[in-house]
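Just below is one structure, and these are the notes that go with it.
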Amino acid sequence: MLRLTVKTGLAGGAVYYSREEGIWNENTDQVYERYATALQPHLASVKQQIPVEVPALPSSGEVCFLTKHYYNEGVKSSIRFVHMMPCYLGQWTKKATDAVKKAMDAGPAEVAVVPAPAAPAKK
């Protein structure tokens, strides 16, 4: 119950904070540009501390394209899985029936039998 409460609180806090920041009200390009300009000083200090070259932030158009692309790929993969579900179920059923038949054909000699506990002697 505590776990559910914590998860619900985190999700609610994320929605509340994102709403307070205006993510749901503004144009996403404006939100991206606002955060990009806010992160520039921090990015500059990180560049000074780390000897590795940090790449520039992508433009909002690139981020928008990539988001749409990967979302569409996820939808396509999900639909492909649902489309192939009868084939998958057929394969899984065949494997299960083959395993049951193999177990049935093995016979009692190959199946390990656990002896029953001895009954107490009657007096």
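Naming scheme: A, B, ... for chains in displayed order of the structure tokens; residues 1 onward per chain; ligands 1 onward as shown.
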
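The residue set within 9 Å of A:Val31, counting only C-alpha atoms and dropping same-chain residues fewer than 5 places from it, reads Glu21, Gly22, Ile23, Glu26 and Ala36 of chain A.
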
Store the residues of this selection in a file with N, CA and C atoms, as a short mmCIF file (atom, residue, chain, number, x, y, z; two decimals), in the first residue's frame.
```
data_model
loop_
_atom_site.label_atom_id
_atom_site.label_comp_id
_atom_site.auth_asym_id
_atom_site.auth_seq_id
_atom_site.Cartn_x
_atom_site.Cartn_y
_atom_site.Cartn_z
N GLU A 21 4.77 24.54 -14.74
CA GLU A 21 5.78 25.05 -15.65
C GLU A 21 5.18 25.50 -16.98
N GLY A 22 3.94 25.13 -17.25
CA GLY A 22 3.27 25.56 -18.47
C GLY A 22 3.48 24.63 -19.64
N ILE A 23 3.93 23.41 -19.37
CA ILE A 23 4.18 22.47 -20.46
C ILE A 23 2.89 22.14 -21.19
N GLU A 26 1.65 25.91 -23.12
CA GLU A 26 2.47 26.59 -24.12
C GLU A 26 2.69 25.71 -25.33
N ALA A 36 16.30 25.21 -22.91
CA ALA A 36 17.63 25.22 -23.54
C ALA A 36 18.42 26.44 -23.10
#
```

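Taking only C-alpha atoms into account, A:Thr28 lies nearest to A:Val63 out of the set A:Val63, A:Met1, A:Ala103, A:Leu89.
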
Task: Counting only C-alpha atoms, the residue of A:Ala56, A:Ala11, A:Ile79, A:Met84 that sits nearest A:Leu43 - done: A:Ala56

Open item on the list: When DSSP is applied to the backbone of this structure, which of chain A are assigned alpha helix (DSSP H)? Write them out as a VMD selection string.
Closed with: chain A and resid 2 to 21 28 to 49 60 to 110

Open item on the list: Neighbouring residues of A:Ser59 were defined as those with any atom within 12 Å, considering only C-alpha atoms; residues of the same chain fewer than 3 positions away were excluded. Please report them as a PyMOL selection string.
Closed with: chain A and resi 29-30+32-33+36+55-56+62-66
